[in-house]
file structure.pdb (PDB, C-alpha atoms)
ATOM      1  CA  MET A   1      -6.144  71.955   5.236
ATOM      2  CA  LYS A   2      -7.426  74.757   7.477
ATOM      3  CA  PRO A   3      -6.439  74.617  11.167
ATOM      4  CA  GLY A   4     -10.134  74.583  12.116
ATOM      5  CA  VAL A   5     -10.721  71.462  10.041
ATOM      6  CA  ILE A   6      -7.676  69.718  11.534
ATOM      7  CA  LYS A   7      -8.868  70.660  15.006
ATOM      8  CA  SER A   8     -12.328  69.171  14.505
ATOM      9  CA  LEU A   9     -10.872  66.081  12.823
ATOM     10  CA  VAL A  10      -8.570  65.430  15.791
ATOM     11  CA  ALA A  11     -11.300  66.222  18.339
ATOM     12  CA  GLN A  12     -13.837  63.928  16.641
ATOM     13  CA  THR A  13     -11.323  61.072  16.291
ATOM     14  CA  ALA A  14     -10.189  61.359  19.911
ATOM     15  CA  GLY A  15     -13.790  61.618  21.133
ATOM     16  CA  LEU A  16     -14.874  58.607  19.121
ATOM     17  CA  LEU A  17     -11.971  56.466  20.335
ATOM     18  CA  ALA A  18     -12.423  57.542  23.958
ATOM     19  CA  ALA A  19     -16.172  56.912  23.983
ATOM     20  CA  SER A  20     -15.932  53.543  22.234
ATOM     21  CA  THR A  21     -13.047  52.476  24.491
ATOM     22  CA  ALA A  22     -15.147  53.250  27.574
ATOM     23  CA  LEU A  23     -18.109  51.360  26.089
ATOM     24  CA  ALA A  24     -15.932  48.373  25.149
ATOM     25  CA  LEU A  25     -14.425  48.090  28.632
ATOM     26  CA  ALA A  26     -17.834  48.405  30.269
ATOM     27  CA  VAL A  27     -19.353  45.704  28.062
ATOM     28  CA  ASN A  28     -16.302  43.486  28.589
ATOM     29  CA  VAL A  29     -16.740  43.653  32.369
ATOM     30  CA  PHE A  30     -20.344  42.444  32.231
ATOM     31  CA  SER A  31     -20.091  40.067  29.267
ATOM     32  CA  PRO A  32     -19.813  36.324  29.993
ATOM     33  CA  ALA A  33     -17.365  36.199  27.064
ATOM     34  CA  GLY A  34     -15.301  39.061  28.515
ATOM     35  CA  LEU A  35     -11.514  38.779  28.620
ATOM     36  CA  ALA A  36      -9.046  39.591  31.379
ATOM     37  CA  VAL A  37      -7.469  42.674  29.839
ATOM     38  CA  THR A  38      -4.730  43.380  32.375
ATOM     39  CA  ARG A  39      -2.586  40.338  31.674
ATOM     40  CA  ALA A  40      -1.636  37.967  28.898
ATOM     41  CA  LEU A  41      -4.052  35.120  28.261
ATOM     42  CA  THR A  42      -2.864  31.682  29.297
ATOM     43  CA  LEU A  43      -2.481  28.998  26.667
ATOM     44  CA  HIS A  44      -5.574  27.255  28.014
ATOM     45  CA  GLU A  45      -7.636  30.459  27.997
ATOM     46  CA  LEU A  46      -6.699  31.094  24.366
ATOM     47  CA  ASP A  47      -7.909  27.636  23.375
ATOM     48  CA  ALA A  48      -8.754  24.799  25.734
ATOM     49  CA  ARG A  49      -7.317  22.408  23.143
ATOM     50  CA  TYR A  50      -3.813  23.918  23.231
ATOM     51  CA  VAL A  51      -1.057  21.868  24.879
ATOM     52  CA  THR A  52       2.518  22.915  25.671
ATOM     53  CA  ALA A  53       5.658  21.406  24.171
ATOM     54  CA  GLU A  54       6.308  19.422  27.354
ATOM     55  CA  GLU A  55       2.762  18.069  27.455
ATOM     56  CA  THR A  56       3.113  17.087  23.798
ATOM     57  CA  LYS A  57       6.381  15.277  24.468
ATOM     58  CA  ALA A  58       4.795  13.371  27.358
ATOM     59  CA  ARG A  59       1.988  12.263  25.007
ATOM     60  CA  HIS A  60       4.540  11.249  22.381
ATOM     61  CA  GLU A  61       6.503   9.151  24.865
ATOM     62  CA  ALA A  62       3.360   7.527  26.252
ATOM     63  CA  GLY A  63       2.529   6.395  22.730
ATOM     64  CA  GLN A  64      -1.230   6.638  23.299
ATOM     65  CA  SER A  65      -1.885   9.532  20.916
ATOM     66  CA  LEU A  66      -1.838   9.816  17.145
ATOM     67  CA  PHE A  67       0.142  12.728  15.769
ATOM     68  CA  LEU A  68      -1.181  14.555  12.711
ATOM     69  CA  ASP A  69       0.862  17.124  10.791
ATOM     70  CA  ALA A  70      -1.392  19.784   9.227
ATOM     71  CA  ARG A  71       1.257  21.228   6.890
ATOM     72  CA  ARG A  72       1.624  20.754   3.143
ATOM     73  CA  PRO A  73       3.171  17.409   2.029
ATOM     74  CA  GLU A  74       6.442  19.027   0.864
ATOM     75  CA  LEU A  75       7.028  20.559   4.315
ATOM     76  CA  PHE A  76       6.073  17.282   5.989
ATOM     77  CA  ALA A  77       8.616  15.463   3.774
ATOM     78  CA  ARG A  78      11.397  17.807   4.927
ATOM     79  CA  GLY A  79      10.923  16.766   8.549
ATOM     80  CA  HIS A  80       8.215  15.953  11.059
ATOM     81  CA  ILE A  81       7.594  14.550  14.533
ATOM     82  CA  ALA A  82       8.501  10.853  14.645
ATOM     83  CA  GLY A  83       5.490   8.697  13.846
ATOM     84  CA  ALA A  84       3.287  11.593  12.698
ATOM     85  CA  GLN A  85       0.950  11.207   9.719
ATOM     86  CA  ASN A  86       0.419  13.989   7.210
ATOM     87  CA  LEU A  87      -3.129  15.344   6.980
ATOM     88  CA  PRO A  88      -2.890  18.792   5.346
ATOM     89  CA  ALA A  89      -5.655  21.110   6.531
ATOM     90  CA  ASP A  90      -5.936  22.477   2.978
ATOM     91  CA  GLU A  91      -6.602  19.021   1.510
ATOM     92  CA  PHE A  92      -8.723  17.665   4.346
ATOM     93  CA  GLY A  93     -11.643  16.417   2.218
ATOM     94  CA  GLU A  94      -9.661  14.130  -0.084
ATOM     95  CA  ARG A  95      -6.957  13.053   2.379
ATOM     96  CA  PHE A  96      -9.297  12.366   5.279
ATOM     97  CA  THR A  97     -11.316   9.829   3.262
ATOM     98  CA  ALA A  98      -8.124   7.796   2.811
ATOM     99  CA  ILE A  99      -7.257   7.640   6.510
ATOM    100  CA  ALA A 100     -10.709   7.737   8.132
ATOM    101  CA  GLY A 101     -10.895   3.934   7.979
ATOM    102  CA  TRP A 102      -8.014   3.375  10.361
ATOM    103  CA  LEU A 103      -8.324   6.561  12.442
ATOM    104  CA  PRO A 104     -10.354   5.508  15.490
ATOM    105  CA  LYS A 105     -12.908   8.039  16.734
ATOM    106  CA  GLU A 106     -11.955   7.468  20.351
ATOM    107  CA  ALA A 107      -8.241   8.098  19.766
ATOM    108  CA  GLU A 108      -6.576  11.197  21.124
ATOM    109  CA  LEU A 109      -5.236  13.187  18.176
ATOM    110  CA  VAL A 110      -2.379  15.658  18.519
ATOM    111  CA  VAL A 111      -2.339  18.099  15.614
ATOM    112  CA  TYR A 112       0.410  20.572  14.818
ATOM    113  CA  CYS A 113       1.809  22.752  12.072
ATOM    114  CA  ASP A 114       4.897  24.970  11.857
ATOM    115  CA  SER A 115       4.672  27.300  14.848
ATOM    116  CA  LYS A 116       2.283  29.445  16.834
ATOM    117  CA  SER A 117       2.113  31.763  13.791
ATOM    118  CA  CYS A 118       0.393  29.047  11.811
ATOM    119  CA  SER A 119      -3.342  28.515  11.994
ATOM    120  CA  LEU A 120      -3.386  25.238  10.001
ATOM    121  CA  SER A 121      -3.374  23.085  13.143
ATOM    122  CA  ARG A 122      -6.447  24.891  14.500
ATOM    123  CA  GLN A 123      -8.216  24.551  11.158
ATOM    124  CA  LEU A 124      -7.433  20.826  11.092
ATOM    125  CA  ALA A 125      -8.601  20.433  14.700
ATOM    126  CA  ASP A 126     -11.894  22.147  13.817
ATOM    127  CA  LYS A 127     -12.403  19.874  10.804
ATOM    128  CA  LEU A 128     -11.632  16.744  12.835
ATOM    129  CA  ALA A 129     -14.094  17.872  15.511
ATOM    130  CA  GLU A 130     -16.739  18.323  12.803
ATOM    131  CA  ALA A 131     -15.939  14.786  11.605
ATOM    132  CA  GLY A 132     -16.726  13.470  15.084
ATOM    133  CA  TYR A 133     -13.309  13.302  16.745
ATOM    134  CA  GLU A 134     -13.804  14.607  20.260
ATOM    135  CA  ARG A 135     -10.315  14.128  21.668
ATOM    136  CA  VAL A 136      -8.231  16.543  19.627
ATOM    137  CA  VAL A 137      -5.439  18.644  21.145
ATOM    138  CA  ILE A 138      -3.268  21.225  19.403
ATOM    139  CA  PHE A 139       0.492  21.433  19.841
ATOM    140  CA  ARG A 140       0.543  25.180  19.287
ATOM    141  CA  ASP A 141       4.314  25.750  19.152
ATOM    142  CA  GLY A 142       4.534  23.140  16.402
ATOM    143  CA  TRP A 143       7.338  21.583  14.413
ATOM    144  CA  VAL A 144       9.804  24.485  14.873
ATOM    145  CA  ALA A 145       9.713  24.191  18.680
ATOM    146  CA  TRP A 146       9.901  20.386  18.530
ATOM    147  CA  LYS A 147      12.944  20.476  16.228
ATOM    148  CA  GLU A 148      14.681  23.161  18.326
ATOM    149  CA  ARG A 149      14.460  20.884  21.356
ATOM    150  CA  GLY A 150      16.022  18.016  19.440
ATOM    151  CA  TRP A 151      13.155  15.642  20.181
ATOM    152  CA  ALA A 152      12.378  12.508  18.140
ATOM    153  CA  ALA A 153      11.940  13.424  14.488
ATOM    154  CA  GLU A 154      12.002  11.801  11.070
TER     155      GLU A 154
ATOM    156  CA  MET B   1     -23.625  90.300   9.392
ATOM    157  CA  SER B   2     -25.955  89.885   6.426
ATOM    158  CA  THR B   3     -26.693  86.459   5.026
ATOM    159  CA  ALA B   4     -24.954  87.376   1.767
ATOM    160  CA  THR B   5     -21.774  88.404   3.604
ATOM    161  CA  LYS B   6     -21.912  85.308   5.764
ATOM    162  CA  ARG B   7     -22.187  83.129   2.653
ATOM    163  CA  PHE B   8     -19.334  84.944   0.982
ATOM    164  CA  ASN B   9     -17.056  84.527   4.004
ATOM    165  CA  LEU B  10     -17.767  80.848   4.340
ATOM    166  CA  GLN B  11     -17.152  80.231   0.647
ATOM    167  CA  ASP B  12     -13.983  82.257   0.819
ATOM    168  CA  GLU B  13     -12.805  80.291   3.836
ATOM    169  CA  MET B  14     -13.400  76.949   2.166
ATOM    170  CA  ALA B  15     -11.981  78.215  -1.171
ATOM    171  CA  ILE B  16     -14.711  76.475  -3.128
ATOM    172  CA  SER B  17     -14.184  76.617  -6.848
ATOM    173  CA  PRO B  18     -16.984  75.798  -9.331
ATOM    174  CA  LEU B  19     -15.132  72.502  -9.851
ATOM    175  CA  SER B  20     -15.354  71.782  -6.111
ATOM    176  CA  ARG B  21     -19.037  72.532  -6.183
ATOM    177  CA  ASP B  22     -19.503  69.909  -8.914
ATOM    178  CA  TYR B  23     -17.409  67.470  -6.947
ATOM    179  CA  CYS B  24     -19.403  68.197  -3.835
ATOM    180  CA  ALA B  25     -22.698  67.727  -5.643
ATOM    181  CA  TYR B  26     -22.281  63.949  -5.592
ATOM    182  CA  SER B  27     -23.504  63.606  -2.029
ATOM    183  CA  TRP B  28     -25.650  60.562  -2.925
ATOM    184  CA  LEU B  29     -22.523  58.745  -4.117
ATOM    185  CA  ASN B  30     -20.766  59.760  -0.929
ATOM    186  CA  LEU B  31     -23.651  58.383   1.131
ATOM    187  CA  LEU B  32     -23.624  55.115  -0.829
ATOM    188  CA  ASP B  33     -19.857  54.686  -0.392
ATOM    189  CA  ARG B  34     -20.135  55.550   3.283
ATOM    190  CA  LEU B  35     -22.831  52.901   3.724
ATOM    191  CA  VAL B  36     -20.656  50.277   2.008
ATOM    192  CA  LEU B  37     -17.594  51.082   4.134
ATOM    193  CA  ALA B  38     -19.650  51.207   7.331
ATOM    194  CA  ALA B  39     -21.466  47.947   6.521
ATOM    195  CA  VAL B  40     -18.165  46.114   6.051
ATOM    196  CA  PHE B  41     -16.767  47.358   9.359
ATOM    197  CA  MET B  42     -20.040  46.959  11.246
ATOM    198  CA  PHE B  43     -20.236  43.317  10.149
ATOM    199  CA  ALA B  44     -16.555  42.659  10.893
ATOM    200  CA  GLY B  45     -16.682  44.371  14.295
ATOM    201  CA  GLY B  46     -19.947  42.681  15.272
ATOM    202  CA  LEU B  47     -18.525  39.208  14.631
ATOM    203  CA  LYS B  48     -15.439  40.001  16.719
ATOM    204  CA  ILE B  49     -17.485  41.425  19.604
ATOM    205  CA  ARG B  50     -19.525  38.209  19.697
ATOM    206  CA  ASP B  51     -16.416  36.049  20.069
ATOM    207  CA  PRO B  52     -13.514  38.055  21.551
ATOM    208  CA  ILE B  53     -11.439  34.969  22.397
ATOM    209  CA  ASP B  54     -11.515  33.873  18.755
ATOM    210  CA  PHE B  55     -10.285  37.311  17.749
ATOM    211  CA  ALA B  56      -7.568  37.126  20.444
ATOM    212  CA  ARG B  57      -6.423  33.838  18.886
ATOM    213  CA  ASN B  58      -6.252  35.531  15.485
ATOM    214  CA  ILE B  59      -4.141  38.325  16.928
ATOM    215  CA  THR B  60      -1.693  35.869  18.526
ATOM    216  CA  ASP B  61      -1.383  34.020  15.198
ATOM    217  CA  TYR B  62       0.159  37.150  13.680
ATOM    218  CA  ASP B  63       2.865  36.966  16.366
ATOM    219  CA  LEU B  64       3.464  40.726  16.285
ATOM    220  CA  ALA B  65       1.638  42.209  19.289
ATOM    221  CA  PRO B  66       3.119  41.610  22.767
ATOM    222  CA  GLU B  67       1.089  38.855  24.453
ATOM    223  CA  ALA B  68       0.102  41.168  27.329
ATOM    224  CA  LEU B  69      -1.580  43.525  24.848
ATOM    225  CA  VAL B  70      -3.537  40.865  22.957
ATOM    226  CA  PRO B  71      -6.644  40.885  25.240
ATOM    227  CA  ILE B  72      -7.009  44.667  25.306
ATOM    228  CA  ILE B  73      -6.647  44.848  21.512
ATOM    229  CA  ALA B  74      -9.220  42.060  21.132
ATOM    230  CA  VAL B  75     -11.661  43.957  23.345
ATOM    231  CA  LEU B  76     -11.191  47.498  22.013
ATOM    232  CA  LEU B  77     -10.622  47.186  18.290
ATOM    233  CA  PRO B  78     -14.037  45.703  17.363
ATOM    234  CA  TRP B  79     -15.819  48.480  19.255
ATOM    235  CA  TRP B  80     -13.782  51.105  17.404
ATOM    236  CA  GLU B  81     -14.938  49.492  14.164
ATOM    237  CA  VAL B  82     -18.589  49.393  15.211
ATOM    238  CA  ALA B  83     -18.694  52.887  16.765
ATOM    239  CA  ALA B  84     -16.986  54.497  13.773
ATOM    240  CA  SER B  85     -19.327  52.666  11.383
ATOM    241  CA  ALA B  86     -22.400  53.732  13.341
ATOM    242  CA  LEU B  87     -21.300  57.376  13.336
ATOM    243  CA  ALA B  88     -20.399  57.257   9.644
ATOM    244  CA  VAL B  89     -23.911  56.008   8.842
ATOM    245  CA  ALA B  90     -25.618  58.387  11.258
ATOM    246  CA  GLY B  91     -23.744  61.322   9.727
ATOM    247  CA  ARG B  92     -22.349  62.499  13.072
ATOM    248  CA  TRP B  93     -18.631  63.146  13.636
ATOM    249  CA  LYS B  94     -18.106  61.938  10.082
ATOM    250  CA  MET B  95     -14.517  63.182   9.814
ATOM    251  CA  GLY B  96     -13.545  61.348  12.993
ATOM    252  CA  ALA B  97     -15.424  58.211  11.972
ATOM    253  CA  LEU B  98     -13.847  58.140   8.512
ATOM    254  CA  THR B  99     -10.387  58.800   9.975
ATOM    255  CA  VAL B 100     -10.771  55.799  12.277
ATOM    256  CA  LEU B 101     -12.119  53.524   9.507
ATOM    257  CA  THR B 102      -9.409  54.586   7.051
ATOM    258  CA  GLY B 103      -6.714  54.229   9.711
ATOM    259  CA  LEU B 104      -7.914  50.754  10.654
ATOM    260  CA  SER B 105      -8.001  49.695   6.981
ATOM    261  CA  ALA B 106      -4.480  51.023   6.464
ATOM    262  CA  GLY B 107      -3.294  49.242   9.618
ATOM    263  CA  PHE B 108      -4.833  45.935   8.486
ATOM    264  CA  PHE B 109      -3.271  46.349   5.042
ATOM    265  CA  VAL B 110       0.217  46.907   6.495
ATOM    266  CA  LEU B 111      -0.260  43.985   8.893
ATOM    267  CA  GLY B 112      -1.296  41.723   6.006
ATOM    268  CA  ALA B 113       1.658  42.838   3.888
ATOM    269  CA  ILE B 114       4.109  42.132   6.740
ATOM    270  CA  THR B 115       2.506  38.731   7.314
ATOM    271  CA  LEU B 116       2.789  37.802   3.640
ATOM    272  CA  ALA B 117       6.397  39.011   3.564
ATOM    273  CA  ARG B 118       7.157  36.775   6.570
ATOM    274  CA  GLY B 119       5.679  33.814   4.693
ATOM    275  CA  LEU B 120       3.146  33.045   7.431
ATOM    276  CA  SER B 121      -0.069  31.146   6.822
ATOM    277  CA  VAL B 122      -2.503  33.022   9.056
ATOM    278  CA  GLU B 123      -6.275  33.484   8.968
ATOM    279  CA  CYS B 124      -6.798  37.215   8.529
ATOM    280  CA  GLY B 125      -9.382  37.388  11.322
ATOM    281  CA  CYS B 126     -11.157  40.173   9.459
ATOM    282  CA  PHE B 127     -14.575  38.522   9.603
ATOM    283  CA  GLY B 128     -14.390  36.205  12.609
ATOM    284  CA  SER B 129     -14.491  32.509  11.791
ATOM    285  CA  MET B 130     -15.521  33.328   8.183
ATOM    286  CA  SER B 131     -12.092  34.799   7.517
ATOM    287  CA  GLU B 132      -9.895  33.942   4.573
ATOM    288  CA  ARG B 133      -6.203  33.304   4.998
ATOM    289  CA  VAL B 134      -4.020  36.386   4.542
ATOM    290  CA  GLY B 135      -3.168  36.587   0.851
ATOM    291  CA  PRO B 136      -3.584  38.685  -2.264
ATOM    292  CA  VAL B 137      -7.396  38.653  -1.940
ATOM    293  CA  SER B 138      -7.522  39.927   1.649
ATOM    294  CA  LEU B 139      -4.796  42.489   0.860
ATOM    295  CA  SER B 140      -6.749  43.747  -2.167
ATOM    296  CA  VAL B 141      -9.891  44.135  -0.057
ATOM    297  CA  GLU B 142      -7.963  46.126   2.568
ATOM    298  CA  ALA B 143      -6.361  48.290  -0.122
ATOM    299  CA  ALA B 144      -9.796  49.011  -1.612
ATOM    300  CA  LEU B 145     -11.114  49.982   1.832
ATOM    301  CA  VAL B 146      -8.152  52.331   2.388
ATOM    302  CA  VAL B 147      -8.815  54.052  -0.949
ATOM    303  CA  LEU B 148     -12.566  54.267  -0.297
ATOM    304  CA  GLY B 149     -12.037  55.622   3.220
ATOM    305  CA  ALA B 150      -9.464  58.173   2.051
ATOM    306  CA  LEU B 151     -11.742  59.404  -0.764
ATOM    307  CA  LEU B 152     -14.683  59.739   1.630
ATOM    308  CA  LEU B 153     -12.539  61.613   4.139
ATOM    309  CA  ARG B 154     -11.307  63.959   1.411
ATOM    310  CA  TRP B 155     -14.889  64.568   0.315
ATOM    311  CA  GLU B 156     -15.946  65.259   3.888
ATOM    312  CA  ILE B 157     -13.094  67.712   4.464
ATOM    313  CA  ARG B 158     -13.720  69.570   1.193
ATOM    314  CA  CYS B 159     -17.483  69.426   1.055
ATOM    315  CA  GLY B 160     -18.719  68.644   4.550
ATOM    316  CA  ARG B 161     -19.614  72.270   5.254
ATOM    317  CA  THR B 162     -20.490  73.389   1.732
ATOM    318  CA  ARG B 163     -24.049  72.132   2.018
ATOM    319  CA  GLU B 164     -24.595  75.126   4.253
ATOM    320  CA  VAL B 165     -23.622  77.331   1.301
ATOM    321  CA  LYS B 166     -25.960  77.765  -1.624
ATOM    322  CA  PRO B 167     -24.072  78.468  -4.879
ATOM    323  CA  ARG B 168     -25.082  81.856  -6.203
TER     324      ARG B 168
END

call {"tool": "encode", "arguments": {"input": "structure.pdb", "output": "structure tokens"}}
result
Amino acid sequence: MKPGVIKSLVAQTAGLLAASTALALAVNVFSPAGLAVTRALTLHELDARYVTAEETKARHEAGQSLFLDARRPELFARGHIAGAQNLPADEFGERFTAIAGWLPKEAELVVYCDSKSCSLSRQLADKLAEAGYERVVIFRDGWVAWKERGWAAE
Amino acid sequence: MSTATKRFNLQDEMAISPLSRDYCAYSWLNLLDRLVLAAVFMFAGGLKIRDPIDFARNITDYDLAPEALVPIIAVLLPWWEVAASALAVAGRWKMGALTVLTGLSAGFFVLGAITLARGLSVECGCFGSMSERVGPVSLSVEAALVVLGALLLRWEIRCGRTREVKPR
């Protein structure tokens, strides 16, 4: 490749990135959906439904919430939070019909999956919200964090 | 400098063989491919711009970027996609636009491959809330975009200036 071509390729790429970066930051400042870009987002900012491990444990001890495990049945069988029911996000349609009868709409549901690198709990929370459950929280750190802390498990 | 000499010099500089001229003749195919690539990124970037917090959640799911960098990535990356797509369609700064689009595709492909290798079940976040989970399908799409972007960039580098030169 000729040096002239490389030079214009680099100049165009740098120009494009610089201009779009400036535009993005400007829009972000004035947008109602803009993010705080100078610090990490808090758990609550990421998703208002997220709860910490400690908050989840408090709910578990209070015994007022129903725990739902969004992972596949074979992972659920290997270990889960004590008292949790398995409702795999991937099989929501068929499995939900079976439990909808005894799952009260006004109950607070705590959903979780493996860890924060698992989006199944959020998918399950979305599906439950669509089904009319308004009190759904997500234990984002999931089963791995719960097990590491040695909290009640089955 | 006469026009003939100017033409000769430019051809000489670009080392255009008759084969290259044939290759470069397919500008309509190049335009079509460019429109496809740009449409994909324009759509993907537009969805992310509309809902930056959703995209930030997707980024955190991958558990690779430091948490302090998640918001700035969520704000900037969609605009890079949209700006590069717009320029690719408009035919301005095409080399830069195609470099950005190809680079982004390659980055997404590598990210997807790492995620699959780690055995994570993560929504790819490619198309906002319409995204598929990272898997063979999303990886194939990214691979196709890398190939398309690289071919377009190669065409642009080899032929971008040849339209100024009329074959004698």

call {"tool": "residues_around", "arguments": {"input": "structure.pdb", "residues": "region 79-94 of chain B", "least_positions_apart": "4", "cutoff": "6 Å", "atoms": "all atoms listed in the file", "output": "ChimeraX atom specification"}}
result
/A:12,20,24 /B:38,41-42,45,98

call {"tool": "write_last_selection", "arguments": {"input": "structure.pdb", "atoms": "C-alpha atoms", "output": "PDB file, keeping the file's coordinate frame"}}
result
ATOM      1  CA  GLN A  12     -13.837  63.928  16.641  1.00  0.00           C
ATOM      2  CA  SER A  20     -15.932  53.543  22.234  1.00  0.00           C
ATOM      3  CA  ALA A  24     -15.932  48.373  25.149  1.00  0.00           C
TER       4      ALA A  24
ATOM      5  CA  ALA B  38     -19.650  51.207   7.331  1.00  0.00           C
ATOM      6  CA  PHE B  41     -16.767  47.358   9.359  1.00  0.00           C
ATOM      7  CA  MET B  42     -20.040  46.959  11.246  1.00  0.00           C
ATOM      8  CA  GLY B  45     -16.682  44.371  14.295  1.00  0.00           C
ATOM      9  CA  LEU B  98     -13.847  58.140   8.512  1.00  0.00           C
TER      10      LEU B  98
END

call {"tool": "atom_distance", "arguments": {"input": "structure.pdb", "atom1": "CA of Ala84 (chain A)", "atom2": "CA of Leu66 (chain A)"}}
result
7.0 Å

call {"tool": "interface_residues", "arguments": {"input": "structure.pdb", "of": "chain A", "to": "chain B", "cutoff": "9 Å", "atoms": "only C-alpha atoms", "output": "PyMOL selection string"}}
result
chain A and resi 1-2+5+8-17+19-25+28+33-41+45-47+116-120

call {"tool": "resolve_selection", "arguments": {"input": "structure.pdb", "expression": "the PyMOL selection byres ((chain B and resi 105) around 8)", "output": "list in words"}}
result
Leu101, Thr102, Gly103, Leu104, Ala106, Gly107, Phe108, Phe109, Glu142, Ala143, Leu145 and Val146 of chain B

call {"tool": "atom_distance", "arguments": {"input": "structure.pdb", "atom1": "CA of Gln64 (chain A)", "atom2": "CA of Arg149 (chain A)"}}
result
21.3 Å

call {"tool": "residues_near_point", "arguments": {"input": "structure.pdb", "point": "(5.5, 19.7, 1.7)", "cutoff": "12 Å", "atoms": "only C-alpha atoms", "output": "list in words"}}
result
Asp69, Ala70, Arg71, Arg72, Pro73, Glu74, Leu75, Phe76, Ala77, Arg78, Gly79, His80, Asn86, Leu87, Pro88, Asp90, Cys113 and Asp114 of chain A

call {"tool": "residues_around", "arguments": {"input": "structure.pdb", "residues": "Pro104 (chain A)", "least_positions_apart": "5", "cutoff": "12 Å", "atoms": "only C-alpha atoms", "output": "MDAnalysis selection string"}}
result
chainID A and resid 65:66 99 109 128 131:136

call {"tool": "atom_distance", "arguments": {"input": "structure.pdb", "atom1": "CA of Ala39 (chain B)", "atom2": "CA of Ala144 (chain B)"}}
result
14.3 Å

call {"tool": "axis_aligned_box", "arguments": {"input": "structure.pdb", "around": "region 135-146 of chain A", "padding_each_side": "4 Å", "output": "lines of an AutoDock Vina configuration file"}}
result
center_x = -0.2
center_y = 19.9
center_z = 18.0
size_x = 28.2
size_y = 19.6
size_z = 15.3

call {"tool": "resolve_selection", "arguments": {"input": "structure.pdb", "expression": "the PyMOL selection byres ((chain A and resi 110) around 6)", "output": "ChimeraX atom specification"}}
result
/A:67,109,111,137-138

call {"tool": "residues_around", "arguments": {"input": "structure.pdb", "residues": "Gly83 (chain A)", "least_positions_apart": "5", "cutoff": "9 Å", "atoms": "all atoms listed in the file", "output": "PDB file with C-alpha atoms, in the frame of the given file"}}
result
ATOM      1  CA  HIS A  60       4.540  11.249  22.381  1.00  0.00           C
ATOM      2  CA  LEU A  66      -1.838   9.816  17.145  1.00  0.00           C
ATOM      3  CA  PHE A  67       0.142  12.728  15.769  1.00  0.00           C
ATOM      4  CA  LEU A  68      -1.181  14.555  12.711  1.00  0.00           C
ATOM      5  CA  ALA A 152      12.378  12.508  18.140  1.00  0.00           C
ATOM      6  CA  ALA A 153      11.940  13.424  14.488  1.00  0.00           C
ATOM      7  CA  GLU A 154      12.002  11.801  11.070  1.00  0.00           C
TER       8      GLU A 154
END
